[in-house]
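Here is the structure we will look at, set down as structure tokens.
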Amino acid sequence: MFAEERQQLISGLVAELGRVSVTDLAERFSITTETVRRDLAALESAGSLRRVHGGAVPSDRLSTREESVGERAIQRPSEKLRIAQAALALIPEDSSGSILLDAGSTTETLAGLLAAQRGNGGNAGELVVITHAIPIAAKLSGNPGIALQILGGRVRGLTQAAVGQSTVDSASRLRPDIAFVGANGIHATFGFSTPDPEEAAVKAAFVTSARRVVVVADSSKLDAETLVQFAALKDVDTVITDREPSEELSAALAEAGVDVVLA
């Protein structure tokens, strides 16, 4: 196989899988790890990918890159729906209690499911839902089966969520039964991360305050590192995603005592 052909295949694998390792590529193409590194260097120079420790990720996976709410909403909708359905199953339908919903497209999908489930009131107890996200609050406002609480603060336009010290302080004074938290990156050594420091501070407060922490993230976030860590793996109880994590990440999650739910 010519180097150019092999590099095209490597570029396609990175785009499809989100991350590739040097050792896996060497095995797949029956070449040395040195040859793989040369291929990755050439592809990085061409802008096709970005090299990271032990492998490569797509070129658009930068530590500070963050998409708007609108952009996220149209990406991987079927995966996010399955994840949201699995998350909904963790909330007893016929009871009260309290949950916290972080900003994000997957948690917004969960809010929509929750609104439909609780919409007619019925015999279910009133569920307290706490959020700092305007789109989520809009979905749940006025629902007869939900007591909505909104955390205040400066609204960040990109995510349409309140951030800042007042948001963090408000979250720190709560103790919800479950916090459903989004993440831009889930990594074996770096833990859970997000690009913006203020968003990270709010997420960290959510993780600290809740009795149970459930991270909802589609598989494009697996093995990714973004700029700011908001929690170590051991700080989270459950991860719901749509694909089996890599061997390294699976081992790290298991060692940290994190349950992985595949949706």
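Chains: A, B, ... in order of the structure tokens. Residues: from 1 per chain. Ligands: from 1, in order shown.
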Given only C-alpha atoms, how would the per-residue table for region 15-124 of chain A near region 215-235 of chain A read, listing every residue at most 12 Å away with its closest atom pair and distance in Å to one decimal, sorted by chain and number, as CSV?
```
residue,atom,partner,partner_atom,distance
A:Ala15,CA,A:Ser220,CA,10.1
A:Glu16,CA,A:Ser220,CA,9.5
A:Leu17,CA,A:Ser220,CA,8.0
A:Gly18,CA,A:Ser220,CA,6.2
A:Arg19,CA,A:Asp223,CA,7.1
A:Val20,CA,A:Asp223,CA,9.8
A:Ser21,CA,A:Asp223,CA,10.9
A:Arg50,CA,A:Ala224,CA,11.9
A:Val52,CA,A:Glu225,CA,9.9
A:His53,CA,A:Glu225,CA,11.1
A:Gly54,CA,A:Asp223,CA,11.6
A:Gly55,CA,A:Asp223,CA,10.9
A:Ala56,CA,A:Ala224,CA,10.5
A:Val57,CA,A:Ala224,CA,8.2
A:Pro58,CA,A:Ala224,CA,10.2
A:Asp60,CA,A:Ala224,CA,11.5
A:Arg61,CA,A:Ala224,CA,7.8
A:Leu62,CA,A:Thr226,CA,6.9
A:Ser63,CA,A:Thr226,CA,3.9
A:Thr64,CA,A:Leu227,CA,5.8
A:Arg65,CA,A:Thr226,CA,8.0
A:Glu66,CA,A:Thr226,CA,9.3
A:Arg72,CA,A:Asp218,CA,11.2
A:Gln75,CA,A:Asp218,CA,10.0
A:Arg76,CA,A:Asp218,CA,7.9
A:Pro77,CA,A:Asp218,CA,9.8
A:Ser78,CA,A:Asp218,CA,10.1
A:Glu79,CA,A:Asp218,CA,6.6
A:Lys80,CA,A:Asp218,CA,6.5
A:Leu81,CA,A:Asp218,CA,10.0
A:Arg82,CA,A:Asp218,CA,9.6
A:Ile83,CA,A:Val216,CA,6.7
A:Ala84,CA,A:Val216,CA,7.7
A:Gln85,CA,A:Val216,CA,10.7
A:Ala86,CA,A:Val216,CA,9.4
A:Ala87,CA,A:Val216,CA,7.6
A:Leu88,CA,A:Val216,CA,11.0
A:Leu100,CA,A:Val215,CA,11.6
A:Leu101,CA,A:Val216,CA,10.4
A:Asp102,CA,A:Val215,CA,9.6
A:Ala103,CA,A:Val216,CA,11.0
A:Gly104,CA,A:Val216,CA,9.4
A:Ser105,CA,A:Ala217,CA,9.5
A:Thr106,CA,A:Val216,CA,6.8
A:Thr107,CA,A:Val216,CA,7.4
A:Glu108,CA,A:Val216,CA,10.9
A:Thr109,CA,A:Val216,CA,10.8
A:Leu110,CA,A:Val216,CA,9.7
```
Could you write those residues out with N, CA and C atoms, as a compact mmCIF listing (two decimals), in the first residue's frame?
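For reference, part_14.txt as written:
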```txt
# COMPACT_ATOMS: atom_id res chain seq x y z
N ALA A 15 -11.71 10.41 11.54
CA ALA A 15 -13.02 11.07 11.41
C ALA A 15 -14.14 10.18 11.92
N GLU A 16 -14.04 8.88 11.65
CA GLU A 16 -15.11 7.94 12.02
C GLU A 16 -15.09 7.62 13.51
N LEU A 17 -13.88 7.38 14.06
CA LEU A 17 -13.77 6.88 15.44
C LEU A 17 -13.57 7.99 16.47
N GLY A 18 -13.10 9.15 16.02
CA GLY A 18 -12.86 10.24 16.96
C GLY A 18 -11.49 10.23 17.57
N ARG A 19 -10.84 9.08 17.61
CA ARG A 19 -9.48 8.98 18.14
C ARG A 19 -8.88 7.67 17.67
N VAL A 20 -7.62 7.68 17.30
CA VAL A 20 -6.91 6.45 16.94
C VAL A 20 -5.59 6.44 17.69
N SER A 21 -5.10 5.24 17.97
CA SER A 21 -3.82 5.12 18.67
C SER A 21 -2.74 4.66 17.70
N ARG A 50 -5.14 16.08 14.33
CA ARG A 50 -4.25 16.67 15.34
C ARG A 50 -3.66 15.56 16.17
N VAL A 52 -2.07 13.75 19.33
CA VAL A 52 -2.11 13.81 20.79
C VAL A 52 -1.24 12.69 21.31
N HIS A 53 -1.06 12.65 22.63
CA HIS A 53 -0.21 11.61 23.21
C HIS A 53 -0.73 10.22 22.85
N GLY A 54 0.08 9.44 22.15
CA GLY A 54 -0.26 8.07 21.81
C GLY A 54 -1.13 7.89 20.59
N GLY A 55 -1.48 8.98 19.90
CA GLY A 55 -2.35 8.80 18.73
C GLY A 55 -2.73 10.11 18.08
N ALA A 56 -3.99 10.19 17.62
CA ALA A 56 -4.47 11.38 16.92
C ALA A 56 -5.97 11.52 17.08
N VAL A 57 -6.45 12.76 16.95
CA VAL A 57 -7.88 13.08 17.02
C VAL A 57 -8.20 14.01 15.85
N PRO A 58 -9.48 14.23 15.55
CA PRO A 58 -9.82 15.15 14.46
C PRO A 58 -9.24 16.54 14.69
N ASP A 60 -10.55 19.34 14.38
CA ASP A 60 -11.44 20.32 15.01
C ASP A 60 -11.61 20.08 16.50
N ARG A 61 -10.96 19.05 17.04
CA ARG A 61 -11.10 18.76 18.46
C ARG A 61 -10.02 19.52 19.24
N LEU A 62 -10.16 20.82 19.31
CA LEU A 62 -9.23 21.66 20.03
C LEU A 62 -9.74 21.86 21.46
N SER A 63 -8.82 22.16 22.38
CA SER A 63 -9.19 22.22 23.79
C SER A 63 -10.17 23.33 24.11
N THR A 64 -10.19 24.39 23.28
CA THR A 64 -11.09 25.51 23.56
C THR A 64 -12.27 25.60 22.59
N ARG A 65 -12.36 24.65 21.67
CA ARG A 65 -13.45 24.71 20.69
C ARG A 65 -14.77 24.34 21.35
N GLU A 66 -15.77 25.15 21.12
CA GLU A 66 -17.08 24.92 21.73
C GLU A 66 -18.16 25.35 20.76
N ARG A 72 -25.16 22.23 18.41
CA ARG A 72 -25.22 20.94 19.11
C ARG A 72 -26.54 20.23 18.87
N GLN A 75 -26.69 17.80 15.94
CA GLN A 75 -25.66 16.77 15.85
C GLN A 75 -26.06 15.52 16.62
N ARG A 76 -25.94 14.36 15.99
CA ARG A 76 -26.16 13.05 16.62
C ARG A 76 -27.49 12.99 17.39
N PRO A 77 -28.61 13.40 16.78
CA PRO A 77 -29.88 13.45 17.50
C PRO A 77 -30.37 12.08 17.97
N SER A 78 -30.17 11.04 17.18
CA SER A 78 -30.67 9.71 17.59
C SER A 78 -29.90 9.18 18.78
N GLU A 79 -28.59 9.41 18.79
CA GLU A 79 -27.77 8.97 19.93
C GLU A 79 -28.17 9.72 21.21
N LYS A 80 -28.38 11.02 21.06
CA LYS A 80 -28.76 11.82 22.23
C LYS A 80 -30.13 11.42 22.76
N LEU A 81 -31.04 11.06 21.86
CA LEU A 81 -32.36 10.61 22.30
C LEU A 81 -32.25 9.32 23.10
N ARG A 82 -31.45 8.37 22.61
CA ARG A 82 -31.28 7.11 23.34
C ARG A 82 -30.65 7.35 24.72
N ILE A 83 -29.67 8.24 24.77
CA ILE A 83 -29.03 8.55 26.05
C ILE A 83 -30.03 9.20 26.99
N ALA A 84 -30.83 10.13 26.47
CA ALA A 84 -31.83 10.80 27.29
C ALA A 84 -32.88 9.81 27.81
N GLN A 85 -33.27 8.86 26.98
CA GLN A 85 -34.24 7.85 27.42
C GLN A 85 -33.67 6.99 28.55
N ALA A 86 -32.39 6.64 28.43
CA ALA A 86 -31.74 5.86 29.49
C ALA A 86 -31.64 6.69 30.77
N ALA A 87 -31.40 7.99 30.63
CA ALA A 87 -31.34 8.87 31.80
C ALA A 87 -32.71 9.00 32.46
N LEU A 88 -33.74 9.12 31.63
CA LEU A 88 -35.11 9.24 32.16
C LEU A 88 -35.48 8.02 33.01
N LEU A 100 -31.20 17.84 39.11
CA LEU A 100 -30.54 19.02 38.56
C LEU A 100 -30.16 18.73 37.12
N LEU A 101 -30.52 19.63 36.22
CA LEU A 101 -30.21 19.45 34.80
C LEU A 101 -29.20 20.51 34.35
N ASP A 102 -28.03 20.06 33.97
CA ASP A 102 -26.99 20.92 33.42
C ASP A 102 -27.40 21.38 32.02
N ALA A 103 -26.78 22.45 31.55
CA ALA A 103 -27.01 22.91 30.18
C ALA A 103 -26.43 21.92 29.19
N GLY A 104 -27.04 21.83 28.00
CA GLY A 104 -26.51 20.95 26.96
C GLY A 104 -27.62 20.36 26.11
N SER A 105 -27.26 19.89 24.94
CA SER A 105 -28.27 19.36 24.02
C SER A 105 -28.84 18.03 24.49
N THR A 106 -28.03 17.19 25.13
CA THR A 106 -28.54 15.91 25.62
C THR A 106 -29.44 16.10 26.82
N THR A 107 -29.04 16.99 27.73
CA THR A 107 -29.90 17.26 28.89
C THR A 107 -31.18 17.99 28.45
N GLU A 108 -31.10 18.78 27.39
CA GLU A 108 -32.30 19.43 26.87
C GLU A 108 -33.26 18.39 26.28
N THR A 109 -32.70 17.37 25.63
CA THR A 109 -33.53 16.27 25.14
C THR A 109 -34.19 15.54 26.30
N LEU A 110 -33.45 15.32 27.38
CA LEU A 110 -34.00 14.71 28.58
C LEU A 110 -35.14 15.56 29.14
```
Query raised in the report: Among region 186-259 of chain A, which residues carry a DSSP assignment of strand (DSSP E or B), reported as a VMD selection string?
Result: chain A and resid 186 to 187 191 to 194 212 to 216 222 228 to 231 238 to 241 259
Requested in this report: Provide the CA of Val258 (chain A) to CA of Arg175 (chain A) distance in Å, to one decimal place.
Outcome: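 Between CA of Val258 (chain A) and CA of Arg175 (chain A) the gap works out to 20.3 Å.
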If you count only C-alpha atoms, which residues fall within 9 Å of Arg211 (chain A), apart from same-chain ones fewer than 2 positions away, as a PDB file with N, CA and C atoms, in the first residue's frame?
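Just written: around_36.pdb:
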```
ATOM      1  N   ARG A 175     -28.826  20.213  47.484  1.00  0.00           N
ATOM      2  CA  ARG A 175     -28.450  18.794  47.598  1.00  0.00           C
ATOM      3  C   ARG A 175     -29.455  17.949  46.826  1.00  0.00           C
ATOM      4  N   PRO A 176     -29.499  18.062  45.483  1.00  0.00           N
ATOM      5  CA  PRO A 176     -30.475  17.300  44.694  1.00  0.00           C
ATOM      6  C   PRO A 176     -30.171  15.800  44.720  1.00  0.00           C
ATOM      7  N   ASP A 177     -31.207  15.019  44.447  1.00  0.00           N
ATOM      8  CA  ASP A 177     -31.031  13.559  44.441  1.00  0.00           C
ATOM      9  C   ASP A 177     -30.110  13.111  43.303  1.00  0.00           C
ATOM     10  N   ILE A 178     -30.322  13.671  42.113  1.00  0.00           N
ATOM     11  CA  ILE A 178     -29.497  13.303  40.951  1.00  0.00           C
ATOM     12  C   ILE A 178     -29.142  14.568  40.180  1.00  0.00           C
ATOM     13  N   ALA A 179     -27.900  14.685  39.765  1.00  0.00           N
ATOM     14  CA  ALA A 179     -27.491  15.732  38.828  1.00  0.00           C
ATOM     15  C   ALA A 179     -27.142  15.074  37.503  1.00  0.00           C
ATOM     16  N   VAL A 207     -21.519  18.735  40.486  1.00  0.00           N
ATOM     17  CA  VAL A 207     -20.961  17.427  40.851  1.00  0.00           C
ATOM     18  C   VAL A 207     -20.808  17.313  42.365  1.00  0.00           C
ATOM     19  N   THR A 208     -20.337  18.373  42.986  1.00  0.00           N
ATOM     20  CA  THR A 208     -20.116  18.368  44.434  1.00  0.00           C
ATOM     21  C   THR A 208     -21.425  18.336  45.207  1.00  0.00           C
ATOM     22  N   SER A 209     -22.448  18.993  44.691  1.00  0.00           N
ATOM     23  CA  SER A 209     -23.688  19.160  45.468  1.00  0.00           C
ATOM     24  C   SER A 209     -24.599  17.942  45.430  1.00  0.00           C
ATOM     25  N   VAL A 213     -24.344  11.557  40.742  1.00  0.00           N
ATOM     26  CA  VAL A 213     -23.944  12.321  39.566  1.00  0.00           C
ATOM     27  C   VAL A 213     -23.947  11.408  38.347  1.00  0.00           C
TER      28      VAL A 213
END
```
Query raised in the report: Which residue, A:Ala171, A:Asp39, A:Arg51, A:Val14, has the smallest gap to Ala26 (chain A) when you use only C-alpha atoms?
Result: A:Asp39
**Report entry** Picked from region 2-192 of chain A by DSSP as helix (DSSP H, G or I), as a ChimeraX atom specification
**Finding:** /A:3-17,22-29,33-45,69-73,77-88,105-118,134-140,165-172
Requested in this report: Find the residues around Ala201 (chain A) up to 9 Å (only C-alpha atoms counted), leave out those fewer than 6 positions away in its own chain, and share them as a ChimeraX atom specification.
Outcome: /A:163-165,168,230
Report task. Please provide the set of residues having any atom within 12 Å of region 28-34 of chain A, restricted to only C-alpha atoms, with same-chain residues fewer than 2 positions apart removed, written as a PyMOL selection string. Result -> chain A and resi 1-3+5-7+9-10+13+20-26+36-41+54-55
